[in-house]
$ cat entry_20.cif   # mmCIF, C-alpha atoms
data_protein
loop_
_atom_site.label_atom_id
_atom_site.label_comp_id
_atom_site.auth_asym_id
_atom_site.auth_seq_id
_atom_site.Cartn_x
_atom_site.Cartn_y
_atom_site.Cartn_z
CA MET A 425 -15.50 21.23 -25.89
CA SER A 426 -13.11 19.52 -23.47
CA ASP A 427 -10.92 20.79 -20.65
CA GLY A 428 -7.20 20.59 -21.39
CA TYR A 429 -4.56 19.50 -18.86
CA ASP A 430 -0.97 18.36 -18.85
CA PHE A 431 -1.63 15.36 -16.60
CA ILE A 432 -4.81 13.45 -15.74
CA VAL A 433 -4.58 11.10 -12.75
CA VAL A 434 -7.29 8.46 -12.47
CA GLY A 435 -7.81 7.33 -8.88
CA GLY A 436 -8.07 9.16 -5.56
CA GLY A 437 -6.46 6.57 -3.31
CA ILE A 438 -2.95 6.91 -1.92
CA ALA A 439 -1.32 6.08 -5.27
CA GLY A 440 -3.22 8.72 -7.20
CA VAL A 441 -2.92 11.52 -4.67
CA SER A 442 0.81 10.92 -4.09
CA ALA A 443 1.45 11.07 -7.84
CA GLY A 444 -0.74 14.15 -8.14
CA TYR A 445 1.10 15.86 -5.29
CA PHE A 446 4.48 15.51 -6.98
CA LEU A 447 3.16 16.25 -10.48
CA ALA A 448 1.10 19.35 -9.67
CA PRO A 449 4.03 21.82 -9.64
CA HIS A 450 4.96 20.77 -13.17
CA GLY A 451 1.78 21.46 -15.11
CA ARG A 452 -1.99 21.59 -15.14
CA LEU A 453 -3.17 18.56 -13.22
CA LEU A 454 -6.59 16.93 -12.89
CA LEU A 455 -7.33 14.05 -10.55
CA LEU A 456 -10.49 12.01 -11.17
CA GLU A 457 -12.17 9.81 -8.55
CA ARG A 458 -15.21 7.69 -9.39
CA GLU A 459 -16.61 7.66 -5.82
CA SER A 460 -18.15 10.57 -3.94
CA ALA A 461 -15.21 10.61 -1.53
CA LEU A 462 -11.50 10.04 -1.97
CA ALA A 463 -9.84 6.93 -0.50
CA TYR A 464 -13.15 5.07 -0.25
CA HIS A 465 -11.74 1.64 -1.10
CA THR A 466 -8.35 0.18 -0.10
CA THR A 467 -6.62 3.30 1.23
CA GLY A 468 -9.48 4.20 3.53
CA ARG A 469 -9.56 0.68 4.97
CA SER A 470 -5.85 0.33 5.66
CA ALA A 471 -4.26 0.08 9.09
CA ALA A 472 -0.79 0.63 7.74
CA ILE A 473 2.61 0.28 9.32
CA TYR A 474 5.97 1.54 8.12
CA THR A 475 8.27 -1.47 8.09
CA GLN A 476 11.48 -1.68 6.12
CA ALA A 477 11.67 -5.45 6.56
CA TYR A 478 8.41 -6.34 4.80
CA GLY A 479 7.87 -7.20 1.14
CA ASN A 480 10.22 -8.17 -1.66
CA ALA A 481 13.50 -6.40 -2.44
CA ALA A 482 11.92 -3.71 -4.62
CA VAL A 483 9.21 -2.96 -2.05
CA ARG A 484 11.72 -2.73 0.78
CA ALA A 485 13.92 -0.40 -1.28
CA LEU A 486 11.00 1.89 -2.10
CA THR A 487 9.96 1.92 1.56
CA VAL A 488 13.46 2.89 2.70
CA ALA A 489 13.66 5.55 -0.03
CA GLY A 490 10.57 7.23 1.40
CA HIS A 491 11.84 7.31 4.97
CA ASP A 492 12.88 10.98 4.99
CA PHE A 493 9.48 12.08 3.68
CA PHE A 494 7.71 10.26 6.50
CA THR A 495 10.03 11.51 9.22
CA THR A 496 10.52 15.06 7.88
CA PRO A 497 7.58 15.90 5.59
CA PRO A 498 7.53 19.20 3.69
CA GLU A 499 6.54 22.24 5.71
CA GLY A 500 2.78 22.47 6.09
CA PHE A 501 2.16 18.92 4.90
CA SER A 502 0.64 17.76 8.18
CA ASP A 503 -0.14 19.29 11.56
CA HIS A 504 1.32 16.28 13.37
CA ALA A 505 3.74 13.39 12.87
CA LEU A 506 3.02 10.90 10.11
CA LEU A 507 4.68 8.07 12.05
CA GLY A 508 4.25 6.81 15.60
CA PRO A 509 6.21 4.19 17.57
CA ARG A 510 5.14 0.57 17.18
CA GLY A 511 7.81 -2.04 16.35
CA ALA A 512 7.22 -5.30 14.49
CA LEU A 513 7.70 -8.84 15.76
CA PHE A 514 7.83 -11.61 13.16
CA ILE A 515 7.10 -14.85 15.04
CA GLY A 516 7.64 -18.43 13.97
CA ARG A 517 6.93 -21.96 15.14
CA ASP A 518 9.57 -24.69 15.21
CA ASP A 519 8.69 -25.68 11.64
CA GLN A 520 9.22 -22.05 10.53
CA ARG A 521 12.85 -21.65 11.62
CA GLU A 522 14.08 -21.38 8.02
CA ALA A 523 11.53 -18.66 7.37
CA LEU A 524 12.81 -16.80 10.43
CA ASP A 525 16.36 -17.10 9.06
CA ARG A 526 15.24 -15.57 5.76
CA ALA A 527 13.30 -12.80 7.47
CA GLU A 528 16.34 -11.86 9.55
CA ALA A 529 18.71 -11.87 6.57
CA GLU A 530 16.35 -9.93 4.29
CA GLY A 531 15.41 -7.45 6.99
CA ARG A 532 19.03 -6.65 7.77
CA GLN A 533 19.68 -5.83 4.11
CA PHE A 534 18.35 -2.30 4.75
CA VAL A 535 17.81 -2.16 8.52
CA ASP A 536 20.74 -2.93 10.80
CA THR A 537 18.56 -2.84 13.93
CA VAL A 538 16.63 -5.94 12.85
CA ARG A 539 17.64 -8.84 15.08
CA ARG A 540 16.71 -12.36 16.12
CA VAL A 541 15.14 -12.89 19.54
CA ASP A 542 14.64 -16.12 21.46
CA VAL A 543 11.42 -17.41 22.98
CA ALA A 544 11.97 -15.76 26.35
CA GLU A 545 12.56 -12.32 24.86
CA ALA A 546 9.68 -12.68 22.41
CA CYS A 547 7.34 -13.49 25.31
CA ALA A 548 8.73 -10.60 27.34
CA ILE A 549 8.00 -8.23 24.45
CA LEU A 550 4.54 -9.72 23.93
CA PRO A 551 3.33 -11.38 27.17
CA VAL A 552 0.32 -13.06 25.54
CA LEU A 553 2.48 -15.25 23.27
CA ARG A 554 2.30 -18.95 24.08
CA PRO A 555 5.89 -20.15 24.76
CA ASP A 556 4.96 -23.65 23.57
CA TYR A 557 3.79 -22.19 20.24
CA VAL A 558 6.60 -19.84 19.29
CA ALA A 559 10.16 -21.05 18.61
CA GLY A 560 11.66 -17.62 18.11
CA ALA A 561 11.11 -14.30 16.39
CA VAL A 562 12.68 -11.49 14.41
CA LEU A 563 12.29 -8.02 15.87
CA GLU A 564 12.21 -4.80 13.87
CA PRO A 565 12.19 -2.25 16.71
CA ASP A 566 12.00 0.79 14.42
CA ALA A 567 8.81 -0.20 12.57
CA MET A 568 6.24 2.60 12.96
CA ASP A 569 2.51 3.12 12.74
CA ILE A 570 1.47 5.31 9.79
CA ASP A 571 -1.28 7.89 10.19
CA VAL A 572 -2.94 6.99 6.88
CA HIS A 573 -5.50 9.79 7.06
CA ALA A 574 -2.86 12.45 7.72
CA LEU A 575 -0.67 11.15 4.89
CA HIS A 576 -3.53 11.01 2.38
CA GLN A 577 -4.91 14.40 3.37
CA GLY A 578 -1.45 15.95 3.21
CA PHE A 579 -1.18 14.87 -0.41
CA VAL A 580 -4.71 16.12 -1.15
CA ARG A 581 -4.08 19.54 0.38
CA GLY A 582 -0.78 19.73 -1.45
CA ILE A 583 -2.41 19.04 -4.81
CA ARG A 584 -4.86 21.88 -4.31
CA ALA A 585 -2.24 24.24 -2.91
CA ARG A 586 -0.10 23.59 -5.97
CA GLY A 587 -2.91 24.43 -8.35
CA GLY A 588 -4.21 20.94 -9.10
CA THR A 589 -7.90 20.12 -9.55
CA ILE A 590 -9.69 17.18 -7.91
CA ARG A 591 -13.07 15.91 -9.10
CA THR A 592 -15.11 13.27 -7.29
CA GLU A 593 -18.07 11.35 -8.75
CA ALA A 594 -16.04 11.45 -11.95
CA ALA A 595 -15.97 7.88 -13.22
CA VAL A 596 -14.14 7.31 -16.49
CA LEU A 597 -16.77 6.39 -19.07
CA ALA A 598 -14.47 6.24 -22.09
CA LEU A 599 -10.78 6.70 -22.78
CA GLY A 600 -9.06 7.04 -26.12
CA ARG A 601 -6.55 8.94 -28.20
CA ASP A 602 -7.46 12.38 -29.58
CA GLY A 603 -4.52 13.38 -31.74
CA ALA A 604 -1.50 13.80 -29.47
CA ASP A 605 -3.66 13.70 -26.34
CA TRP A 606 -5.76 11.26 -24.41
CA SER A 607 -9.46 12.11 -24.18
CA VAL A 608 -11.18 11.03 -20.98
CA GLU A 609 -14.97 11.05 -20.91
CA THR A 610 -16.63 11.55 -17.50
CA PRO A 611 -20.19 12.30 -16.37
CA GLY A 612 -19.16 15.98 -16.20
CA GLY A 613 -17.79 16.05 -19.73
CA ALA A 614 -14.55 15.31 -21.55
CA CYS A 615 -11.04 16.30 -20.54
CA THR A 616 -7.76 15.84 -22.39
CA ALA A 617 -4.08 15.54 -21.55
CA PRO A 618 -0.99 14.08 -23.23
CA VAL A 619 -0.35 11.94 -20.12
CA VAL A 620 -2.85 9.80 -18.21
CA ILE A 621 -1.75 8.22 -14.93
CA ASN A 622 -3.56 4.92 -14.34
CA ALA A 623 -3.78 4.86 -10.52
CA ALA A 624 -7.20 3.22 -10.35
CA GLY A 625 -6.23 0.54 -7.84
CA ALA A 626 -8.08 -2.74 -8.36
CA TRP A 627 -9.61 -1.24 -11.53
CA CYS A 628 -6.26 -0.51 -13.28
CA ASP A 629 -6.60 -3.37 -15.79
CA GLU A 630 -10.19 -2.30 -16.53
CA LEU A 631 -9.05 1.26 -17.25
CA ALA A 632 -6.34 -0.08 -19.56
CA ALA A 633 -8.95 -2.14 -21.41
CA MET A 634 -10.93 1.05 -22.08
CA ALA A 635 -7.79 2.37 -23.76
CA GLY A 636 -7.50 -0.79 -25.86
CA LEU A 637 -4.42 -2.00 -23.96
CA ASP A 638 -3.45 -5.42 -22.65
CA PRO A 639 -3.80 -5.97 -18.90
CA VAL A 640 -0.79 -6.46 -16.68
CA GLY A 641 -2.48 -9.38 -14.94
CA LEU A 642 -3.61 -7.47 -11.87
CA VAL A 643 -5.33 -9.68 -9.30
CA PRO A 644 -7.26 -7.91 -6.51
CA LYS A 645 -7.17 -9.98 -3.32
CA ARG A 646 -9.43 -9.63 -0.31
CA ARG A 647 -7.82 -8.86 3.06
CA THR A 648 -10.03 -9.22 6.15
CA ALA A 649 -9.64 -7.35 9.44
CA VAL A 650 -11.33 -7.81 12.81
CA VAL A 651 -11.27 -5.73 15.99
CA PHE A 652 -11.81 -7.19 19.46
CA ASP A 653 -11.30 -6.24 23.10
CA ALA A 654 -7.83 -6.42 24.63
CA PRO A 655 -7.25 -8.86 27.50
CA PRO A 656 -8.49 -7.28 30.74
CA GLY A 657 -5.86 -5.77 32.98
CA LEU A 658 -3.14 -5.58 30.32
CA ASP A 659 -1.64 -2.38 28.92
CA ILE A 660 -1.35 -3.14 25.21
CA ASP A 661 -0.25 0.28 23.96
CA ALA A 662 3.41 -0.75 23.63
CA TRP A 663 2.74 -4.08 21.92
CA PRO A 664 4.39 -4.39 18.50
CA LEU A 665 2.67 -5.40 15.32
CA THR A 666 2.94 -9.19 15.55
CA ILE A 667 3.14 -11.05 12.25
CA ASP A 668 3.41 -14.76 11.56
CA VAL A 669 6.68 -15.03 9.63
CA ASP A 670 4.89 -16.75 6.73
CA GLU A 671 2.12 -14.13 6.98
CA GLU A 672 -0.59 -16.53 8.12
CA PHE A 673 -2.02 -13.91 10.50
CA TYR A 674 -1.13 -10.69 12.29
CA PHE A 675 -2.44 -8.42 15.03
CA LYS A 676 -1.63 -5.10 16.68
CA PRO A 677 -3.06 -2.54 19.11
CA GLU A 678 -5.65 -0.25 17.56
CA ALA A 679 -7.28 2.54 19.60
CA GLY A 680 -7.26 0.54 22.84
CA LYS A 681 -8.45 -2.67 21.20
CA VAL A 682 -6.72 -5.37 19.13
CA MET A 683 -6.95 -5.40 15.34
CA GLY A 684 -6.18 -8.75 13.70
CA SER A 685 -6.27 -10.43 10.32
CA PRO A 686 -5.89 -13.94 8.87
CA ALA A 687 -3.71 -12.28 6.20
CA ASP A 688 -6.06 -13.73 3.60
CA GLU A 689 -5.38 -13.19 -0.09
CA THR A 690 -8.57 -14.36 -1.78
CA PRO A 691 -8.73 -13.37 -5.49
CA MET A 692 -11.73 -11.15 -6.18
CA PRO A 693 -13.05 -9.04 -9.04
CA PRO A 694 -12.75 -5.28 -8.48
CA CYS A 695 -15.63 -4.41 -6.15
CA ASP A 696 -16.72 -2.84 -2.88
CA VAL A 697 -15.47 -5.91 -1.03
CA GLN A 698 -17.02 -7.18 2.21
CA PRO A 699 -15.61 -9.65 4.78
CA GLU A 700 -16.60 -13.32 4.86
CA GLU A 701 -17.55 -15.08 8.09
CA LEU A 702 -15.07 -17.91 7.39
CA GLU A 703 -12.12 -15.52 7.22
CA ILE A 704 -13.23 -13.83 10.44
CA ALA A 705 -13.31 -17.24 12.14
CA ILE A 706 -9.88 -18.16 10.76
CA ALA A 707 -8.38 -14.93 12.07
CA ILE A 708 -9.75 -15.57 15.55
CA ASP A 709 -8.62 -19.21 15.58
CA ARG A 710 -5.04 -18.43 14.49
CA ILE A 711 -4.64 -15.60 17.00
CA GLN A 712 -6.06 -17.70 19.86
CA THR A 713 -3.79 -20.60 18.93
CA ALA A 714 -0.65 -18.46 19.05
CA THR A 715 -1.58 -16.44 22.14
CA THR A 716 -3.46 -16.65 25.41
CA MET A 717 -6.00 -14.10 24.19
CA THR A 718 -9.65 -15.16 24.06
CA VAL A 719 -11.88 -13.48 21.50
CA ASP A 720 -15.40 -13.51 22.89
CA ARG A 721 -16.80 -10.86 20.59
CA VAL A 722 -15.73 -9.07 17.42
CA SER A 723 -16.64 -5.41 17.77
CA HIS A 724 -15.90 -4.44 14.20
CA HIS A 725 -14.81 -6.08 10.95
CA TRP A 726 -14.13 -5.03 7.39
CA ALA A 727 -12.29 -6.02 4.23
CA GLY A 728 -10.24 -4.30 1.57
CA LEU A 729 -8.62 -5.20 -1.73
CA ARG A 730 -4.86 -5.48 -2.18
CA SER A 731 -3.96 -5.74 -5.86
CA PHE A 732 -0.96 -7.74 -7.04
CA VAL A 733 0.70 -8.71 -10.30
CA ALA A 734 2.51 -12.04 -10.67
CA ASP A 735 5.85 -10.95 -9.20
CA LYS A 736 4.29 -8.82 -6.43
CA THR A 737 6.28 -5.78 -7.56
CA PRO A 738 4.56 -2.46 -8.39
CA VAL A 739 3.99 -1.60 -12.05
CA VAL A 740 5.24 1.92 -12.74
CA GLY A 741 5.95 3.41 -16.15
CA PHE A 742 4.65 4.18 -19.62
CA ASP A 743 2.91 1.43 -21.54
CA PRO A 744 5.11 0.56 -24.54
CA ALA A 745 2.03 0.20 -26.75
CA ALA A 746 0.48 3.58 -25.98
CA PRO A 747 2.38 6.87 -25.72
CA GLY A 748 1.31 8.86 -22.68
CA PHE A 749 -0.46 6.01 -20.87
CA PHE A 750 1.32 5.62 -17.52
CA TRP A 751 0.80 2.71 -15.12
CA LEU A 752 0.88 3.16 -11.34
CA ALA A 753 -0.54 -0.17 -10.22
CA GLY A 754 0.03 -3.38 -8.30
CA GLN A 755 1.22 -1.96 -4.99
CA GLY A 756 -0.23 -4.95 -3.15
CA GLY A 757 -0.32 -4.38 0.58
CA TYR A 758 2.54 -1.90 0.47
CA GLY A 759 0.91 1.10 -1.17
CA ILE A 760 0.87 3.32 1.92
CA GLN A 761 4.47 2.77 2.98
CA THR A 762 5.80 3.15 -0.59
CA ALA A 763 3.60 6.14 -1.51
CA PRO A 764 6.18 8.93 -1.08
CA ALA A 765 8.76 7.11 -3.18
CA LEU A 766 6.31 5.94 -5.85
CA GLY A 767 4.68 9.37 -6.09
CA ARG A 768 8.05 11.05 -6.62
CA LEU A 769 9.15 8.32 -9.05
CA THR A 770 5.93 8.65 -11.05
CA ALA A 771 6.34 12.41 -11.35
CA ASP A 772 9.88 12.08 -12.67
CA LEU A 773 9.20 9.24 -15.11
CA ALA A 774 5.92 10.73 -16.36
CA ARG A 775 7.78 13.91 -17.31
CA GLY A 776 10.34 11.96 -19.32
CA GLY A 777 12.98 11.77 -16.62
CA ASP A 778 14.72 8.86 -14.93
CA VAL A 779 14.62 7.31 -11.48
CA PRO A 780 15.63 10.06 -9.02
CA ALA A 781 18.90 9.48 -7.19
CA GLU A 782 17.29 9.24 -3.76
CA ILE A 783 15.38 6.19 -5.02
CA GLY A 784 17.92 4.76 -7.45
CA ASP A 785 20.56 4.76 -4.72
CA PHE A 786 18.64 1.90 -3.09
CA GLY A 787 18.90 -0.24 -6.22
CA VAL A 788 15.54 0.50 -7.87
CA THR A 789 15.62 0.85 -11.66
CA ALA A 790 12.91 1.84 -14.13
CA ALA A 791 13.24 -1.58 -15.76
CA ASP A 792 12.43 -3.33 -12.46
CA LEU A 793 9.03 -1.63 -12.30
CA SER A 794 8.23 -1.22 -16.00
CA PRO A 795 4.98 -2.62 -17.45
CA ALA A 796 7.21 -3.99 -20.21
CA ARG A 797 9.30 -6.16 -17.87
CA ALA A 798 9.65 -9.84 -18.66
CA GLY A 799 6.97 -12.23 -17.45
CA LEU A 800 4.44 -9.59 -16.49
CA ARG A 801 2.07 -9.98 -19.40
CA LYS A 802 0.98 -13.15 -21.13
CA SER A 803 1.02 -11.56 -24.56
#
$ encode --input "entry_20.cif" --output "structure tokens"
Amino acid sequence: MSDGYDFIVVGGGIAGVSAGYFLAPHGRLLLLERESALAYHTTGRSAAIYTQAYGNAAVRALTVAGHDFFTTPPEGFSDHALLGPRGALFIGRDDQREALDRAEAEGRQFVDTVRRVDVAEACAILPVLRPDYVAGAVLEPDAMDIDVHALHQGFVRGIRARGGTIRTEAAVLALGRDGADWSVETPGGACTAPVVINAAGAWCDELAAMAGLDPVGLVPKRRTAVVFDAPPGLDIDAWPLTIDVDEEFYFKPEAGKVMGSPADETPMPPCDVQPEELEIAIAIDRIQTATTMTVDRVSHHWAGLRSFVADKTPVVGFDPAAPGFFWLAGQGGYGIQTAPALGRLTADLARGGDVPAEIGDFGVTAADLSPARAGLRKS
């Protein structure tokens, strides 16, 4: 005998819990997580920032659409603010001036405070920048740090408060149709629902294969992070997130130290990914080349997977080949900042509705995100 639900969400990262949060008031909801703890993989390894000038047009629109949730979350969602002041500085060399032009124009599409700064101002904002390296920058003063743990836990508490059920150590062993429902086999037994939300992160294509469906071409890519001591005698708390305008590296303050990355995107199979020594060395070299900082010792390092499809736009919607199979995949490196909008969007579309006005007003359509959109699948 199986347990019956209205919605089964597969995946306990930020995508799954945000969808579960918005779906729970509308029916019996079960969230399944294969690991012993939620957010073990990408979400739990993310040092996220809320920036409206980062990503393609669809990502930026989804980020902007979630702004009110971040700044004014529902009552009881979190005991403290989800966002904290940070700012973002997109820097470029002389050979990257065109990229700076694009970053300024694209950033100002949604954020009128985005502006170009010259070398002197960039170095005043970030004193460790080498003036002979940087030719200019684009500043997004309103970019904010995201408290990833508070955001994730707010969604988790909300699911339970709204009557939803969460099961860990509940890997999907089999998935198939059972009449009008989907039957999901787990180590704890079978459960059924007419709608299954595929929010399995890097494993989304593998879950679809269990259901006999074509993949959407999801490619998990490793992203490496390192932490090292700040330069002695400098107060780094007010430093912005500093990003190479072509995303060749970035760094920002992190709990009194500096967290940096080579912004690597190495294709990997879905796995418990670990950092490579080469990528750690590349991160250090690029940061030392652009700044006066010297990295004598890395105090901590890790890696996570960011999963993309070909057009780097999230895949959200029902699979045209399988009634009730709903994709929530391919968020890339933008899953945290787009979570409120994508969770709300998933809840509306999964219940047969349309894109809600507060998201559609920013130009996002169901067709833009659909798994049936042109060029997404080879078949």
$ residues_around --input "entry_20.cif" --residues "segment 776-781 of chain A" --least-positions-apart "6" --cutoff "10 Å" --atoms "all atoms listed in the file" --output "VMD selection string"
chain A and resid 489 742 765 768 to 770 787 to 791
$ atom_distance --input "entry_20.cif" --atom1 "atom CA of Ala439 of chain A" --atom2 "atom CA of Ala649 of chain A"
21.6 Å
$ atom_distance --input "entry_20.cif" --atom1 "atom CA of Asp542 of chain A" --atom2 "atom CA of Val562 of chain A"
8.7 Å
$ residues_around --input "entry_20.cif" --residues "segment 657-674 of chain A" --least-positions-apart "6" --cutoff "10 Å" --atoms "only C-alpha atoms" --output "PDB file with C-alpha atoms, in the coordinates of the input"
ATOM      1  CA  ILE A 473       2.610   0.280   9.320  1.00  0.00           C
ATOM      2  CA  THR A 475       8.270  -1.470   8.090  1.00  0.00           C
ATOM      3  CA  PRO A 509       6.210   4.190  17.570  1.00  0.00           C
ATOM      4  CA  ARG A 510       5.140   0.570  17.180  1.00  0.00           C
ATOM      5  CA  GLY A 511       7.810  -2.040  16.350  1.00  0.00           C
ATOM      6  CA  ALA A 512       7.220  -5.300  14.490  1.00  0.00           C
ATOM      7  CA  LEU A 513       7.700  -8.840  15.760  1.00  0.00           C
ATOM      8  CA  PHE A 514       7.830 -11.610  13.160  1.00  0.00           C
ATOM      9  CA  ILE A 515       7.100 -14.850  15.040  1.00  0.00           C
ATOM     10  CA  GLY A 516       7.640 -18.430  13.970  1.00  0.00           C
ATOM     11  CA  ARG A 517       6.930 -21.960  15.140  1.00  0.00           C
ATOM     12  CA  GLN A 520       9.220 -22.050  10.530  1.00  0.00           C
ATOM     13  CA  ARG A 521      12.850 -21.650  11.620  1.00  0.00           C
ATOM     14  CA  GLU A 522      14.080 -21.380   8.020  1.00  0.00           C
ATOM     15  CA  ALA A 523      11.530 -18.660   7.370  1.00  0.00           C
ATOM     16  CA  LEU A 524      12.810 -16.800  10.430  1.00  0.00           C
ATOM     17  CA  ASP A 525      16.360 -17.100   9.060  1.00  0.00           C
ATOM     18  CA  ARG A 526      15.240 -15.570   5.760  1.00  0.00           C
ATOM     19  CA  ALA A 527      13.300 -12.800   7.470  1.00  0.00           C
ATOM     20  CA  ILE A 549       8.000  -8.230  24.450  1.00  0.00           C
ATOM     21  CA  LEU A 550       4.540  -9.720  23.930  1.00  0.00           C
ATOM     22  CA  PRO A 551       3.330 -11.380  27.170  1.00  0.00           C
ATOM     23  CA  VAL A 552       0.320 -13.060  25.540  1.00  0.00           C
ATOM     24  CA  LEU A 553       2.480 -15.250  23.270  1.00  0.00           C
ATOM     25  CA  VAL A 558       6.600 -19.840  19.290  1.00  0.00           C
ATOM     26  CA  ALA A 561      11.110 -14.300  16.390  1.00  0.00           C
ATOM     27  CA  VAL A 562      12.680 -11.490  14.410  1.00  0.00           C
ATOM     28  CA  LEU A 563      12.290  -8.020  15.870  1.00  0.00           C
ATOM     29  CA  GLU A 564      12.210  -4.800  13.870  1.00  0.00           C
ATOM     30  CA  PRO A 565      12.190  -2.250  16.710  1.00  0.00           C
ATOM     31  CA  ALA A 567       8.810  -0.200  12.570  1.00  0.00           C
ATOM     32  CA  MET A 568       6.240   2.600  12.960  1.00  0.00           C
ATOM     33  CA  ASP A 569       2.510   3.120  12.740  1.00  0.00           C
ATOM     34  CA  ALA A 649      -9.640  -7.350   9.440  1.00  0.00           C
ATOM     35  CA  GLY A 680      -7.260   0.540  22.840  1.00  0.00           C
ATOM     36  CA  LYS A 681      -8.450  -2.670  21.200  1.00  0.00           C
ATOM     37  CA  VAL A 682      -6.720  -5.370  19.130  1.00  0.00           C
ATOM     38  CA  MET A 683      -6.950  -5.400  15.340  1.00  0.00           C
ATOM     39  CA  GLY A 684      -6.180  -8.750  13.700  1.00  0.00           C
ATOM     40  CA  SER A 685      -6.270 -10.430  10.320  1.00  0.00           C
ATOM     41  CA  PRO A 686      -5.890 -13.940   8.870  1.00  0.00           C
ATOM     42  CA  ALA A 687      -3.710 -12.280   6.200  1.00  0.00           C
ATOM     43  CA  ASP A 688      -6.060 -13.730   3.600  1.00  0.00           C
ATOM     44  CA  ILE A 706      -9.880 -18.160  10.760  1.00  0.00           C
ATOM     45  CA  ALA A 707      -8.380 -14.930  12.070  1.00  0.00           C
ATOM     46  CA  ILE A 708      -9.750 -15.570  15.550  1.00  0.00           C
ATOM     47  CA  ASP A 709      -8.620 -19.210  15.580  1.00  0.00           C
ATOM     48  CA  ARG A 710      -5.040 -18.430  14.490  1.00  0.00           C
ATOM     49  CA  ILE A 711      -4.640 -15.600  17.000  1.00  0.00           C
ATOM     50  CA  ALA A 714      -0.650 -18.460  19.050  1.00  0.00           C
TER      51      ALA A 714
END
$ residues_near_point --input "entry_20.cif" --point "(-1.1, 8.7, -18.6)" --cutoff "9 Å" --atoms "all atoms listed in the file" --output "list of chain:residue names"
A:Phe431, A:Ile432, A:Val433, A:Val434, A:Trp606, A:Ala617, A:Pro618, A:Val619, A:Val620, A:Ile621, A:Asn622, A:Phe742, A:Asp743, A:Pro747, A:Gly748, A:Phe749, A:Phe750, A:Trp751, A:Ala774
$ atom_distance --input "entry_20.cif" --atom1 "atom CA of Thr737 of chain A" --atom2 "atom CA of Ala796 of chain A"
12.8 Å
